[in-house]
Every structure is written in structure tokens, then in C-alpha cells.
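Asks: Take this structure, written in C-alpha cells, and hold onto it; I'll ask about it next.
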Amino acid sequence: MIKALIRATQSQCSRWPNILVKPGTKWTERCRHCICVGDTGLSECSEPQCAIPYKPYQEDMCLKWSTDGCCCVEFGCYQHGKWYRDGELFPLFQDDACIQCKCKQGWGNLSCFFIPCDRPQCSDYAFEEGKCCPVCLNGPNCKVPPLNIGEENSITNTGDVKYIKLEETKMIIIGHPRFSWSCTCRKAGMDAECSRQSRLV
């Protein structure tokens, strides 16, 4: 055991959790034995020899104690009614899967981050409960390729139409006053088949 001095006020000592005690008061926190010394406001504690020094707040984040029950040897995080082991990910908020946290020595070294989402490869995507990123409800769509009008500076973009659902045909009007394109998705995950058509102007 090692001894530690903890100062509170001049005439009283502070014990976990923020309780003031009078000089001469003794108390035990697991294997940690403390006494409030005189009128100094100092607590003198005999500490168990632990790889990670024992603190009373560890009671709420320890998954496994040492054989003698004095030291925490495995920490965890308790969130949303469930224990997560050291290194595991869990959602910070129960209704928001986009903010994930990593349990590190309990809550002492918690790190949280936003989950980045790629653009969905479809037009009929949706957000499902418990998932952060949108999912394609009917699998991947066809991507609309760059459209060639056969003239100088002929490659155009496709405006707001980026994907077409399987077996769907869309008319795309952009980039040229006399032409439009009819694009059909024949095979999911492939480029749509597009043909140029004349427009009445």
C-alpha cells in the first residue's frame, strides 16, 4: 500500500462523491482506507498497488476486478443499457448512429467522431433506423454517363439526374437546345444506355 494526501477545505476533508467529513473521520473505498487528518483539510489514504491507480469513480466503469478485488483490470463503458468493452464503438446518442464513440479505459479517455457517408449510388435511397448513411432500397442503380452531342465541347454533365433505377427510362434535357437524351437502366451497377434524340424548338 502507498499513502496519498488529498486536500479539501481547511477544517474538513472531501471524500467521494464530494462529501465533506470532519477531522478524524475514517472511511473505506474498496481497498483504499482513508482518514481526515486534524484541521488541515487533508485526507491520508493507504492505496492499493494497482497498474492504474484506484479511484472511486472506477466503480461505474470497471468490467473486471483483480483477484483481490482491489484493482480494476478491465474497463468498459455503460451506455444505453449495455456494456461496451475497451476499444469497442458505440453510438453516443441512442437515436443518432452518425456519432460513434470509442471506449478507452472507461469514460476517462473517450473519443467520438462523425461517420462520413459516401454519396448513395442510386436515386431511390432512404435512411434506415439505426444506420447513419443512406442505403439503396433496391440495390445499385445505373449511373448516367457523360453525354456527347457530337460538336465542339461536346461532353456535358447530366444536371440533377445522376442515377436511374433498373428498367427505368428517363428523358434528359440539358446542354443543347436541339437535342435530348433517352437513358435506360438495363443492368444494375452499370452505366445507363443513352441515345440522342432531336427536339422540336
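Just remember, in the C-alpha cells the first chain shown is A, the second B, etc., residues are 1-based per chain, and ligands are 1-based in the order shown.
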Can you write out as CSV which residues of stretch 86-106 of chain A fall within 9 Å of stretch 68-79 of chain A, alongside each residue's closest atom pair and its distance in Å to one decimal, counting only C-alpha atoms and ordering rows by chain and ascending residue number?
Replies:
```
residue,atom,partner,partner_atom,distance
A:Asp86,CA,A:Gly76,CA,5.3
A:Gly87,CA,A:Gly76,CA,8.6
A:Glu88,CA,A:Gly76,CA,8.8
A:Phe90,CA,A:Gln79,CA,7.9
A:Pro91,CA,A:Gln79,CA,8.5
A:Leu92,CA,A:Gln79,CA,7.9
A:Phe93,CA,A:Gln79,CA,8.9
A:Gln94,CA,A:Gln79,CA,8.8
A:Cys103,CA,A:Cys77,CA,6.0
A:Lys104,CA,A:Gly76,CA,7.6
A:Gln105,CA,A:Phe75,CA,5.1
A:Gly106,CA,A:Gly76,CA,4.6
```
Asks: Quick one: pull the distance between atom CA of A:Thr28 and atom CA of A:Arg85, Å, one decimal.
Replies: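 Computing the Euclidean distance for atom CA of A:Thr28 and atom CA of A:Arg85 yields 27.7 Å.
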Asks: Residues within 8 Å of stretch 20-27 of chain A, please, as a ChimeraX atom specification. Count only C-alpha atoms; anything in the same chain fewer than 2 positions from it doesn't count.
Replies: /A:11-15,18,29,33-39,41
Asks: Taking only C-alpha atoms into account, which of A:Arg186, A:Pro145, A:Ser66, A:Pro120 comes nearest A:Cys50?
Replies: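 Looking only at the distances to A:Cys50, the closest residue turns out to be A:Ser66.
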